[in-house]
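Student: Got a file for you: data27.cif, mmCIF, C-alpha atoms.
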data_upload
#
loop_
_atom_site.label_atom_id
_atom_site.label_comp_id
_atom_site.auth_asym_id
_atom_site.auth_seq_id
_atom_site.Cartn_x
_atom_site.Cartn_y
_atom_site.Cartn_z
CA MET A 14 128.49 70.46 -18.47
CA LYS A 15 126.64 70.22 -21.69
CA MET A 16 124.24 73.00 -20.60
CA LEU A 17 127.13 75.10 -19.44
CA GLY A 18 128.85 74.56 -22.76
CA ARG A 19 125.81 75.72 -24.69
CA GLY A 20 125.52 78.72 -22.40
CA SER A 21 129.14 79.59 -22.93
CA VAL A 22 128.76 79.40 -26.67
CA ALA A 23 125.69 81.68 -26.50
CA PHE A 24 127.53 84.07 -24.23
CA ALA A 25 130.57 84.07 -26.48
CA ALA A 26 128.37 84.73 -29.49
CA LEU A 27 126.68 87.58 -27.64
CA ALA A 28 130.05 89.01 -26.62
CA VAL A 29 131.26 88.87 -30.20
CA GLY A 30 128.04 90.56 -31.35
CA VAL A 31 128.34 93.36 -28.79
CA GLY A 32 132.02 93.71 -29.57
CA ALA A 33 131.21 94.04 -33.27
CA ALA A 34 128.61 96.70 -32.55
CA LEU A 35 131.02 98.63 -30.37
CA ALA A 36 133.76 98.33 -32.90
CA MET A 37 131.56 99.46 -35.80
CA SER A 38 133.15 102.45 -37.45
CA GLY A 39 131.18 105.51 -38.48
CA ALA A 40 131.56 104.57 -42.14
CA GLU A 41 130.21 101.07 -41.49
CA ALA A 42 127.25 102.46 -39.53
CA ILE A 43 126.43 104.81 -42.41
CA LYS A 44 126.61 101.95 -44.89
CA GLU A 45 124.38 99.75 -42.77
CA ARG A 46 121.72 102.36 -42.08
CA ARG A 47 121.60 103.38 -45.72
CA ALA A 48 121.08 99.73 -46.66
CA LEU A 49 118.19 99.49 -44.18
CA MET A 50 116.57 102.64 -45.56
CA LYS A 51 117.05 101.29 -49.07
CA ASP A 52 115.22 98.14 -47.97
CA ASN A 53 112.41 100.31 -46.62
CA GLY A 54 112.12 102.14 -49.92
CA GLU A 55 112.11 98.94 -51.96
CA ALA A 56 109.47 97.43 -49.68
CA THR A 57 107.33 100.58 -49.91
CA LYS A 58 107.40 100.76 -53.71
CA PRO A 59 104.75 98.06 -54.31
CA VAL A 60 102.71 99.35 -51.34
CA ILE A 61 102.49 102.79 -52.98
CA ALA A 62 101.55 101.11 -56.25
CA MET A 63 98.66 99.39 -54.42
CA LEU A 64 97.51 102.68 -52.93
CA LYS A 65 97.46 104.06 -56.47
CA GLY A 66 95.28 101.22 -57.76
CA ALA A 67 97.43 98.09 -58.26
CA PRO A 68 95.79 94.87 -56.96
CA PHE A 69 96.09 94.30 -53.20
CA ASP A 70 98.52 91.60 -52.14
CA LEU A 71 98.60 90.70 -48.46
CA ALA A 72 102.01 88.97 -48.52
CA THR A 73 103.68 92.02 -50.06
CA VAL A 74 102.14 94.32 -47.46
CA GLN A 75 103.12 92.07 -44.58
CA LYS A 76 106.65 91.82 -45.93
CA ALA A 77 106.86 95.62 -46.04
CA LEU A 78 105.64 95.93 -42.46
CA ALA A 79 108.20 93.34 -41.30
CA THR A 80 110.91 95.29 -43.15
CA TYR A 81 109.93 98.49 -41.31
CA GLU A 82 109.92 96.69 -37.96
CA ASN A 83 113.37 95.28 -38.58
CA ALA A 84 114.75 98.69 -39.59
CA ALA A 85 113.05 100.46 -36.68
CA ALA A 86 114.69 98.09 -34.21
CA LYS A 87 118.18 98.50 -35.67
CA MET A 88 118.30 102.15 -36.75
CA PRO A 89 118.72 103.90 -33.38
CA GLY A 90 121.95 101.94 -32.82
CA LEU A 91 123.43 103.01 -36.16
CA PHE A 92 124.20 106.65 -35.45
CA PRO A 93 127.47 106.60 -33.46
CA SER A 94 128.98 110.04 -32.93
CA ASP A 95 131.70 109.39 -35.53
CA SER A 96 129.08 108.88 -38.25
CA GLN A 97 127.94 112.51 -38.56
CA ALA A 98 130.19 113.25 -41.51
CA GLY A 99 130.71 111.13 -44.59
CA ASP A 100 128.41 109.66 -47.20
CA THR A 101 125.26 110.51 -45.26
CA HIS A 102 122.22 112.77 -45.50
CA ALA A 103 121.64 112.71 -41.75
CA LEU A 104 121.31 116.16 -40.16
CA ALA A 105 122.98 117.26 -36.93
CA ALA A 106 119.56 117.17 -35.24
CA VAL A 107 119.94 113.35 -35.04
CA TRP A 108 122.66 113.87 -32.45
CA THR A 109 121.14 116.91 -30.69
CA ASP A 110 117.55 115.61 -30.42
CA THR A 111 118.47 111.96 -29.92
CA ALA A 112 115.58 111.15 -27.58
CA ASP A 113 112.99 112.32 -30.13
CA PHE A 114 114.84 110.61 -32.98
CA ASP A 115 114.93 107.26 -31.15
CA ALA A 116 111.29 107.63 -30.04
CA ARG A 117 110.22 108.03 -33.66
CA PHE A 118 111.77 104.68 -34.59
CA LYS A 119 110.13 103.09 -31.58
CA LYS A 120 106.80 104.47 -32.83
CA LEU A 121 107.46 103.22 -36.38
CA GLY A 122 108.16 99.74 -34.98
CA ALA A 123 105.03 99.75 -32.81
CA ASP A 124 102.81 101.16 -35.60
CA SER A 125 104.13 98.55 -38.06
CA ALA A 126 103.47 95.71 -35.63
CA ALA A 127 99.94 96.96 -34.92
CA ALA A 128 99.18 97.37 -38.64
CA SER A 129 100.58 93.91 -39.32
CA GLY A 130 97.92 92.50 -36.97
CA ALA A 131 95.14 94.71 -38.29
CA ILE A 132 95.65 94.33 -42.04
CA VAL A 133 93.95 91.24 -43.44
CA ASP A 134 92.37 92.50 -46.67
CA ALA A 135 92.14 95.47 -49.04
CA ALA A 136 89.76 97.39 -46.78
CA THR A 137 91.85 97.03 -43.61
CA PHE A 138 94.94 97.87 -45.72
CA LYS A 139 93.42 101.18 -46.82
CA ALA A 140 92.31 101.96 -43.27
CA ASN A 141 95.63 101.25 -41.55
CA ILE A 142 98.58 101.71 -43.89
CA MET A 143 98.78 105.51 -43.94
CA GLY A 144 99.17 105.63 -40.17
CA VAL A 145 102.41 103.67 -40.63
CA LEU A 146 103.64 105.48 -43.73
CA LYS A 147 103.23 108.93 -42.17
CA ASN A 148 106.15 108.09 -39.90
CA CYS A 149 108.50 108.30 -42.91
CA GLN A 150 107.71 111.95 -43.59
CA GLY A 151 108.02 113.06 -39.98
CA CYS A 152 111.61 111.84 -39.75
CA HIS A 153 112.68 112.89 -43.24
CA GLU A 154 111.43 116.40 -42.53
CA THR A 155 113.60 116.95 -39.48
CA TYR A 156 116.52 114.57 -39.69
CA ARG A 157 117.44 114.20 -43.35
CA ALA A 158 118.69 116.63 -46.01
CA LYS A 159 118.82 115.26 -49.52
CA GLU A 160 121.39 116.52 -51.99
CA SER A 161 119.48 115.64 -55.13
CA MET B 17 140.67 181.06 -60.10
CA THR B 18 138.80 181.06 -56.84
CA THR B 19 135.56 181.64 -58.71
CA SER B 20 136.09 178.67 -61.04
CA ARG B 21 137.00 176.48 -58.06
CA THR B 22 133.83 177.51 -56.30
CA ALA B 23 131.87 176.82 -59.46
CA LEU B 24 133.45 173.36 -59.67
CA ALA B 25 132.61 172.63 -56.02
CA VAL B 26 129.03 173.80 -56.54
CA GLY B 27 128.81 171.69 -59.70
CA ILE B 28 130.00 168.57 -57.88
CA ALA B 29 127.62 169.25 -55.01
CA ILE B 30 124.71 169.59 -57.42
CA LEU B 31 125.73 166.38 -59.20
CA VAL B 32 126.00 164.43 -55.92
CA ALA B 33 122.67 165.80 -54.74
CA GLY B 34 121.15 164.90 -58.12
CA VAL B 35 122.44 161.33 -57.99
CA ALA B 36 121.26 160.99 -54.38
CA ALA B 37 117.82 162.35 -55.29
CA ALA B 38 117.59 160.02 -58.28
CA ALA B 39 118.63 157.07 -56.10
CA TRP B 40 116.02 158.06 -53.54
CA VAL B 41 113.30 158.26 -56.17
CA LEU B 42 114.35 155.02 -57.88
CA SER B 43 114.43 153.09 -54.61
CA ALA B 44 111.01 154.31 -53.44
CA PRO B 45 108.46 151.65 -52.42
CA ARG B 46 105.66 151.43 -55.00
CA PRO B 47 102.30 150.28 -53.66
CA ILE B 48 99.64 148.61 -55.82
CA ASP B 49 97.80 150.81 -58.34
CA PRO B 50 94.46 152.44 -57.38
CA GLU B 51 92.47 150.16 -59.68
CA THR B 52 93.87 147.01 -58.04
CA ALA B 53 93.34 148.58 -54.63
CA ARG B 54 89.67 149.13 -55.44
CA ALA B 55 89.21 145.62 -56.82
CA VAL B 56 90.92 143.90 -53.89
CA SER B 57 88.69 145.72 -51.39
CA ALA B 58 85.56 143.84 -52.51
CA PRO B 59 84.51 141.21 -49.93
CA GLY B 60 86.36 137.89 -50.29
CA ASP B 61 85.16 134.28 -50.03
CA PRO B 62 86.87 132.53 -47.09
CA GLY B 63 86.06 129.07 -48.50
CA ALA B 64 87.92 129.79 -51.72
CA GLY B 65 90.63 131.53 -49.68
CA LYS B 66 91.27 128.36 -47.71
CA ILE B 67 92.43 126.59 -50.87
CA VAL B 68 94.69 129.55 -51.71
CA PHE B 69 96.12 129.33 -48.18
CA PHE B 70 97.14 125.70 -48.65
CA LEU B 71 98.39 126.24 -52.21
CA ALA B 72 100.62 129.05 -50.96
CA GLY B 73 101.54 127.21 -47.77
CA CYS B 74 101.46 130.35 -45.59
CA ASP B 75 101.80 128.17 -42.48
CA SER B 76 105.17 126.80 -43.58
CA CYS B 77 106.74 130.08 -42.47
CA HIS B 78 104.11 131.85 -40.36
CA MET B 79 102.90 129.01 -38.12
CA SER B 80 103.76 129.53 -34.45
CA PRO B 81 106.73 127.34 -33.52
CA GLY B 82 106.42 124.32 -31.24
CA GLN B 83 102.91 123.25 -32.31
CA THR B 84 101.28 121.63 -35.34
CA ASP B 85 98.07 123.60 -36.06
CA PRO B 86 98.62 125.27 -39.48
CA LEU B 87 96.06 127.94 -38.59
CA ARG B 88 97.90 129.25 -35.52
CA LEU B 89 99.80 131.92 -37.40
CA GLY B 90 101.72 133.76 -34.68
CA GLY B 91 104.97 133.79 -36.67
CA GLY B 92 108.48 133.72 -35.23
CA ARG B 93 110.00 130.60 -36.83
CA GLU B 94 113.59 131.39 -37.73
CA LEU B 95 114.34 131.36 -41.46
CA LYS B 96 118.10 131.12 -41.92
CA THR B 97 119.51 132.50 -45.17
CA PRO B 98 122.91 133.58 -46.48
CA PHE B 99 121.84 137.18 -45.74
CA GLY B 100 120.91 136.61 -42.12
CA SER B 101 117.98 135.32 -40.08
CA PHE B 102 114.41 136.34 -40.83
CA PHE B 103 111.57 135.89 -38.37
CA PRO B 104 108.28 135.80 -40.32
CA PRO B 105 105.67 137.99 -38.63
CA ASN B 106 102.37 137.22 -36.93
CA ILE B 107 99.68 137.05 -39.65
CA SER B 108 96.89 135.90 -37.35
CA PRO B 109 93.87 138.23 -37.07
CA ASP B 110 95.08 139.55 -33.69
CA ARG B 111 94.42 143.30 -33.81
CA ALA B 112 97.49 144.36 -31.85
CA ASP B 113 100.16 141.88 -33.01
CA GLY B 114 98.79 140.36 -36.22
CA ILE B 115 96.91 141.65 -39.26
CA GLY B 116 93.52 142.07 -37.56
CA ALA B 117 93.57 145.85 -38.02
CA TRP B 118 94.78 145.70 -41.64
CA SER B 119 92.69 146.69 -44.66
CA ALA B 120 92.56 144.51 -47.78
CA VAL B 121 94.76 147.14 -49.45
CA ASP B 122 97.41 146.81 -46.70
CA PHE B 123 97.35 143.06 -47.28
CA ALA B 124 97.54 143.34 -51.08
CA ASN B 125 100.40 145.84 -50.84
CA ALA B 126 102.41 143.33 -48.82
CA LEU B 127 101.61 140.37 -51.09
CA MET B 128 101.64 141.95 -54.51
CA ALA B 129 104.09 144.85 -54.10
CA GLY B 130 106.31 143.91 -51.15
CA VAL B 131 105.30 147.11 -49.38
CA SER B 132 104.67 147.10 -45.64
CA ARG B 133 101.75 148.74 -43.88
CA ASP B 134 103.93 151.71 -42.93
CA GLY B 135 104.97 152.16 -46.56
CA GLY B 136 108.49 150.64 -46.44
CA HIS B 137 110.00 147.74 -48.39
CA LEU B 138 109.51 144.16 -47.23
CA TYR B 139 112.37 141.70 -47.62
CA PRO B 140 111.85 139.14 -50.40
CA ALA B 141 112.34 136.31 -47.90
CA PHE B 142 108.58 136.87 -48.03
CA PRO B 143 108.07 135.62 -51.61
CA TYR B 144 106.17 138.61 -52.99
CA PRO B 145 107.99 138.45 -56.36
CA SER B 146 105.90 135.28 -56.82
CA TYR B 147 102.76 136.60 -55.12
CA ALA B 148 102.85 139.64 -57.41
CA ARG B 149 101.49 137.22 -60.02
CA MET B 150 98.48 136.27 -57.88
CA SER B 151 95.01 137.22 -59.06
CA VAL B 152 93.01 139.89 -57.26
CA ASP B 153 90.36 137.26 -56.47
CA ASP B 154 92.86 134.94 -54.82
CA VAL B 155 94.35 137.78 -52.75
CA ARG B 156 91.05 139.03 -51.37
CA ASN B 157 89.76 135.49 -50.78
CA LEU B 158 92.95 134.61 -48.92
CA PHE B 159 92.58 137.75 -46.81
CA ALA B 160 88.99 136.76 -45.97
CA PHE B 161 90.15 133.27 -44.96
CA LEU B 162 92.99 134.53 -42.75
CA LYS B 163 90.40 136.59 -40.85
CA THR B 164 88.72 133.32 -39.82
CA ALA B 165 91.87 131.90 -38.15
CA PRO B 166 92.21 132.25 -34.37
CA PRO B 167 93.94 135.43 -33.15
CA VAL B 168 97.36 134.74 -31.67
CA SER B 169 99.06 137.36 -29.52
CA GLY B 170 102.78 138.10 -29.50
CA ARG B 171 105.20 139.42 -32.07
CA ALA B 172 108.09 137.71 -33.86
CA PRO B 173 111.63 138.77 -32.96
CA ALA B 174 113.28 141.40 -35.19
CA ASP B 175 115.19 140.10 -38.23
CA ARG B 176 118.92 139.73 -37.75
CA LEU B 177 120.61 140.78 -40.98
CA GLY B 178 124.21 141.51 -41.83
CA PHE B 179 125.33 144.81 -43.38
CA PRO B 180 124.62 145.93 -46.12
CA PHE B 181 121.48 143.76 -46.34
CA SER B 182 120.13 145.59 -43.31
CA ILE B 183 119.59 148.74 -45.42
CA ARG B 184 115.90 148.38 -46.17
CA ARG B 185 115.71 151.21 -48.68
CA ALA B 186 118.22 149.41 -50.91
CA LEU B 187 115.54 146.79 -51.60
CA GLY B 188 114.12 149.35 -54.02
CA PHE B 189 117.06 148.60 -56.33
CA TRP B 190 116.63 144.88 -55.78
CA LYS B 191 113.02 145.22 -56.88
CA LEU B 192 114.09 147.13 -60.02
CA LEU B 193 116.24 144.12 -60.89
CA TYR B 194 113.98 141.28 -59.85
CA MET B 195 110.35 142.29 -59.39
CA PRO B 196 108.40 140.77 -62.31
CA ALA B 197 106.79 143.37 -64.55
CA VAL B 198 103.26 142.01 -64.35
CA ARG B 199 99.83 143.62 -64.24
CA PRO B 200 97.56 141.97 -61.68
CA VAL B 201 94.88 139.79 -63.27
CA ALA B 202 91.32 139.80 -61.93
CA ALA B 203 90.89 136.02 -61.78
CA ALA B 204 93.21 133.01 -61.97
CA PRO B 205 93.18 131.19 -65.32
CA ALA B 206 90.92 128.14 -65.65
CA ASP B 207 92.61 126.34 -68.56
CA PRO B 208 94.77 123.55 -67.00
CA GLN B 209 98.05 124.53 -68.70
CA ASP B 210 97.65 128.22 -67.83
CA ARG B 211 96.39 127.42 -64.37
CA GLY B 212 99.37 125.13 -63.75
CA ARG B 213 101.78 127.92 -64.66
CA TYR B 214 99.82 130.35 -62.51
CA LEU B 215 99.90 128.03 -59.49
CA VAL B 216 103.61 127.22 -59.85
CA GLU B 217 104.79 130.78 -60.50
CA GLY B 218 102.21 132.63 -58.39
CA PRO B 219 100.73 131.36 -55.11
CA GLY B 220 102.69 128.08 -55.11
CA HIS B 221 105.99 130.03 -55.36
CA CYS B 222 107.87 126.81 -56.28
CA GLY B 223 110.76 128.76 -57.79
CA GLU B 224 111.60 130.43 -54.48
CA CYS B 225 113.39 127.21 -53.49
CA HIS B 226 113.74 125.30 -56.78
CA THR B 227 115.26 128.12 -58.89
CA PRO B 228 118.92 129.01 -58.24
CA ARG B 229 119.66 132.54 -57.03
CA THR B 230 122.26 135.14 -57.94
CA PHE B 231 124.64 136.47 -55.26
CA LEU B 232 122.07 139.22 -54.69
CA GLY B 233 119.37 136.66 -54.04
CA GLY B 234 117.44 137.16 -57.27
CA PRO B 235 116.27 134.24 -59.42
CA VAL B 236 118.44 133.02 -62.33
CA GLU B 237 115.63 133.00 -64.88
CA SER B 238 117.49 130.92 -67.47
CA ARG B 239 117.71 128.10 -64.92
CA ARG B 240 114.28 128.36 -63.40
CA LEU B 241 113.07 125.31 -61.47
CA THR B 242 116.29 123.37 -62.21
CA GLY B 243 117.08 122.91 -58.52
CA ALA B 244 119.07 124.91 -55.98
CA PRO B 245 120.72 124.65 -52.58
CA LEU B 246 118.18 125.31 -49.81
CA PRO B 247 118.56 128.74 -48.15
CA ASP B 248 119.59 127.29 -44.79
CA GLY B 249 122.42 125.35 -46.44
CA LYS B 250 120.97 121.96 -45.51
CA GLY B 251 120.36 119.91 -48.63
CA LYS B 252 119.05 120.81 -52.03
CA ALA B 253 115.70 121.48 -53.67
CA PRO B 254 115.70 119.16 -56.71
CA ASP B 255 115.28 119.87 -60.41
CA ILE B 256 111.52 119.86 -61.09
CA THR B 257 111.66 120.64 -64.81
CA ALA B 258 110.71 117.96 -67.34
CA ALA B 259 114.39 116.92 -67.35
CA GLY B 260 114.58 116.55 -63.58
CA LEU B 261 111.29 114.69 -63.25
CA GLY B 262 112.55 112.20 -65.85
CA ASP B 263 110.31 109.18 -66.21
CA TRP B 264 107.80 110.11 -63.51
CA SER B 265 104.28 109.82 -64.90
CA ASP B 266 101.66 112.52 -64.37
CA SER B 267 100.04 110.50 -61.62
CA ASP B 268 103.46 109.88 -59.97
CA ILE B 269 103.99 113.64 -59.71
CA ALA B 270 100.50 114.48 -58.47
CA TYR B 271 100.68 111.63 -55.95
CA ALA B 272 104.09 112.75 -54.65
CA LEU B 273 102.80 116.31 -54.26
CA SER B 274 99.85 115.28 -52.13
CA THR B 275 101.30 112.35 -50.14
CA GLY B 276 105.08 112.79 -50.31
CA PHE B 277 105.61 109.29 -51.72
CA THR B 278 107.76 109.00 -54.82
CA PRO B 279 107.64 106.12 -57.31
CA SER B 280 110.87 104.77 -55.79
CA GLY B 281 109.20 104.35 -52.38
CA ASP B 282 110.95 107.34 -50.82
CA SER B 283 109.08 109.92 -48.76
CA LEU B 284 109.84 113.59 -49.49
CA GLY B 285 111.37 115.39 -46.55
CA GLY B 286 113.00 118.65 -45.49
CA PRO B 287 110.90 121.75 -46.15
CA MET B 288 108.96 119.83 -48.83
CA ALA B 289 107.25 117.79 -46.08
CA ALA B 290 105.28 120.88 -45.00
CA VAL B 291 104.45 121.65 -48.65
CA VAL B 292 103.10 118.11 -49.07
CA ARG B 293 100.93 118.42 -45.94
CA ASN B 294 99.43 121.59 -47.44
CA LEU B 295 98.99 120.22 -50.96
CA GLY B 296 97.12 117.27 -49.46
CA GLN B 297 94.35 119.84 -48.79
CA VAL B 298 93.92 121.17 -52.34
CA PRO B 299 91.66 119.83 -55.11
CA GLN B 300 93.03 117.08 -57.36
CA GLY B 301 92.44 119.32 -60.38
CA ASP B 302 95.01 121.81 -59.08
CA LEU B 303 97.59 119.08 -58.48
CA ASN B 304 96.98 117.85 -62.03
CA ALA B 305 97.38 121.38 -63.38
CA ILE B 306 100.71 121.82 -61.53
CA THR B 307 101.89 118.45 -62.86
CA HIS B 308 100.81 119.28 -66.38
CA PHE B 309 102.73 122.55 -66.35
CA LEU B 310 105.92 121.19 -64.73
CA LYS B 311 106.21 118.57 -67.47
CA THR B 312 106.37 121.36 -70.05
CA VAL B 313 109.13 123.33 -68.31
CA ARG B 314 112.48 123.20 -70.03
CA PRO B 315 115.40 125.37 -68.99
CA ALA B 316 116.06 128.23 -71.41
CA ALA B 317 119.01 127.64 -73.73
CA PRO B 318 122.20 129.08 -72.17
#
Could you take the file, read its structure, and then write that structure out as structure tokens?
Tutor:
Amino acid sequence: MKMLGRGSVAFAALAVGVGAALAMSGAEAIKERRALMKDNGEATKPVIAMLKGAPFDLATVQKALATYENAAAKMPGLFPSDSQAGDTHALAAVWTDTADFDARFKKLGADSAAASGAIVDAATFKANIMGVLKNCQGCHETYRAKES
Amino acid sequence: MTTSRTALAVGIAILVAGVAAAAWVLSAPRPIDPETARAVSAPGDPGAGKIVFFLAGCDSCHMSPGQTDPLRLGGGRELKTPFGSFFPPNISPDRADGIGAWSAVDFANALMAGVSRDGGHLYPAFPYPSYARMSVDDVRNLFAFLKTAPPVSGRAPADRLGFPFSIRRALGFWKLLYMPAVRPVAAAPADPQDRGRYLVEGPGHCGECHTPRTFLGGPVESRRLTGAPLPDGKGKAPDITAAGLGDWSDSDIAYALSTGFTPSGDSLGGPMAAVVRNLGQVPQGDLNAITHFLKTVRPAAP
């Protein structure tokens, strides 16, 4: 009974979660994905500073990689068809080349996880970080159009 | 009465013929001068030409679609503009479909004068108003480098342009309005400030996207490099004058040019992504020169 109760609670929570995702409006999806990309940018800022000569800090790098992994897992679900228009820089290609778009996030997640394991010091940071960061450019080239 | 009417008709006919003849003469394609033609025909250095190739980013438009090798230059990627769709040609050294059978003069005519091998006007979707400022050395070195790329067979589709932009001869008038009145220089400047200007306004052709255009597609010189909508209507090329770059330091700019990463942690995208891939291949000194010059650019007073 107790087990069943816990299971029911978990199931109910899951149902609510799925329901929330299904009910997410286009405007909410845009807001959420922009927040995730903002997180990515903020996390990348100190990483770029390190590449340009600031002292290496492992915790900051690992935090950035975790941020990318989190975003990569959530992003593909944040482009419902009613989120093409609005306060977004996403291009129509997101919805026409969906398989490629989703695969790129999968790759970003996998590359971030691999780099997280590989990076332990300044030397391994230099050797592994660009492989992760190159993913940003690939997607921004094809799927984003900035207005400023 | 009849005589004076005839005289009037003859007079009008002569006037119309005169205007037509003048229009024909004014709109004529003008190839490079004989002196430049001689100079550009000297053998080029492919090693130096490789740097010119990446500074100019030839592959951004001429690379064969559906692959990632910047040196496969079979052309055919669609370039959408308000005037119609252009399909940049094959510039690989293939003798039948590319530029393998071209002379250095044919090549310089295209780059520096916007004149095709058969003597007609080229459309300025090919940024020859910028390349007209290139040095003779850079042009012949670039030509020598292109000869080392692999030949690619196949031709690009024909351009699809709306009327009246499809009238090629009319480009002669466009050139009268917008072709810069410059004499080709023998060598690119070495001084960093001058070299920066040369790279931005010549081979780098930054203004082709970052300077707004008139309804005829010519640059608005008073607002050069202040940002403009991209030709395909998707997004905007930002303001890259001192005002637009704001508090970016010199190293911020040079770093963004060669890696795409901005001080805010963003990664440059759209057509700039290809530019960044190319600029990652050029010497740091050239990136510094570009940076140095951009920080001095202020829009002309209105």
Student: For the file shown, what are the residues hit by the PyMOL selection byres ((chain B) within 6 of (chain A)), laid out as a list of chain:residue names?
Tutor: B:Lys250, B:Gly251, B:Lys252, B:Pro254, B:Ser280, B:Gly281, B:Asp282, B:Ser283, B:Gly285, B:Gly286, B:Ala289
Student: Here's the selection I'm unsure about, the PyMOL selection byres ((chain B and resi 211) around 12); applied to the file above, which residues does it give, as a PyMOL selection string?
Tutor: chain B and resi 149-151+203-210+212-220+301-310
Student: Taking the file above as input, evaluate the PyMOL selection byres ((chain B and resi 234) around 12) and report the hits as a PyMOL selection string.
Tutor: chain B and resi 139-141+143+145-146+187+189-196+223-225+227-233+235-240
Student: So what do you get for atom CA of Met88 of chain A versus atom CA of Gly122 of chain A, distance-wise?
Tutor: 10.6 Å
Student: For a test of reading the model, state the distance in Å between atom CA of Ala38 of chain B and atom CA of Gly100 of chain B, rounded to one decimal.
Tutor: 28.6 Å
Student: Do you know which residues are at most 10 Å from Gly135 of chain B counting only C-alpha atoms, after dropping those on the same chain fewer than 6 positions away, and could you put them as a VMD selection string?
Tutor: chain B and resid 44 to 47 122 125 to 126
Student: Please provide the set of residues having any atom within 10 Å of Ile132 of chain A, restricted to all atoms listed in the file, with same-chain residues fewer than 3 positions apart removed, written as a list in words.
Tutor: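 Everything that qualifies: Leu71, Val74, Gln75, Ala127, Ala128, Ser129, Ala135, Ala136, Thr137, Phe138, Lys139, Ala140, Asn141 and Ile142 of chain A.
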Student: Kindly output segment 287-302 of chain B as a short mmCIF file (atom, residue, chain, number, x, y, z; two decimals), in the frame of the given file, after building N, CA and C atoms.
Tutor:
data_model
loop_
_atom_site.label_atom_id
_atom_site.label_comp_id
_atom_site.auth_asym_id
_atom_site.auth_seq_id
_atom_site.Cartn_x
_atom_site.Cartn_y
_atom_site.Cartn_z
N PRO B 287 112.01 120.79 -46.10
CA PRO B 287 110.90 121.75 -46.15
C PRO B 287 109.76 121.29 -47.05
N MET B 288 110.02 120.30 -47.94
CA MET B 288 108.96 119.83 -48.83
C MET B 288 107.88 119.06 -48.05
N ALA B 289 108.24 118.54 -46.87
CA ALA B 289 107.25 117.79 -46.08
C ALA B 289 106.07 118.69 -45.72
N ALA B 290 106.35 119.93 -45.35
CA ALA B 290 105.28 120.88 -45.00
C ALA B 290 104.46 121.22 -46.24
N VAL B 291 105.14 121.35 -47.39
CA VAL B 291 104.45 121.65 -48.65
C VAL B 291 103.47 120.52 -48.97
N VAL B 292 103.94 119.28 -48.79
CA VAL B 292 103.10 118.11 -49.07
C VAL B 292 101.88 118.09 -48.15
N ARG B 293 102.08 118.38 -46.86
CA ARG B 293 100.93 118.42 -45.94
C ARG B 293 99.89 119.42 -46.44
N ASN B 294 100.37 120.57 -46.95
CA ASN B 294 99.43 121.59 -47.44
C ASN B 294 98.77 121.16 -48.74
N LEU B 295 99.56 120.59 -49.65
CA LEU B 295 98.99 120.22 -50.96
C LEU B 295 98.02 119.04 -50.83
N GLY B 296 98.10 118.31 -49.72
CA GLY B 296 97.12 117.27 -49.46
C GLY B 296 95.71 117.84 -49.25
N GLN B 297 95.64 119.18 -49.06
CA GLN B 297 94.35 119.84 -48.79
C GLN B 297 93.76 120.52 -50.02
N VAL B 298 94.43 120.44 -51.17
CA VAL B 298 93.92 121.17 -52.34
C VAL B 298 93.27 120.21 -53.32
N PRO B 299 92.37 120.71 -54.18
CA PRO B 299 91.66 119.83 -55.11
C PRO B 299 92.61 119.12 -56.08
N GLN B 300 92.23 117.89 -56.43
CA GLN B 300 93.03 117.08 -57.36
C GLN B 300 93.29 117.83 -58.67
N GLY B 301 92.30 118.59 -59.12
CA GLY B 301 92.44 119.32 -60.38
C GLY B 301 93.63 120.27 -60.35
N ASP B 302 93.86 120.89 -59.19
CA ASP B 302 95.01 121.81 -59.08
C ASP B 302 96.33 121.06 -59.10
#
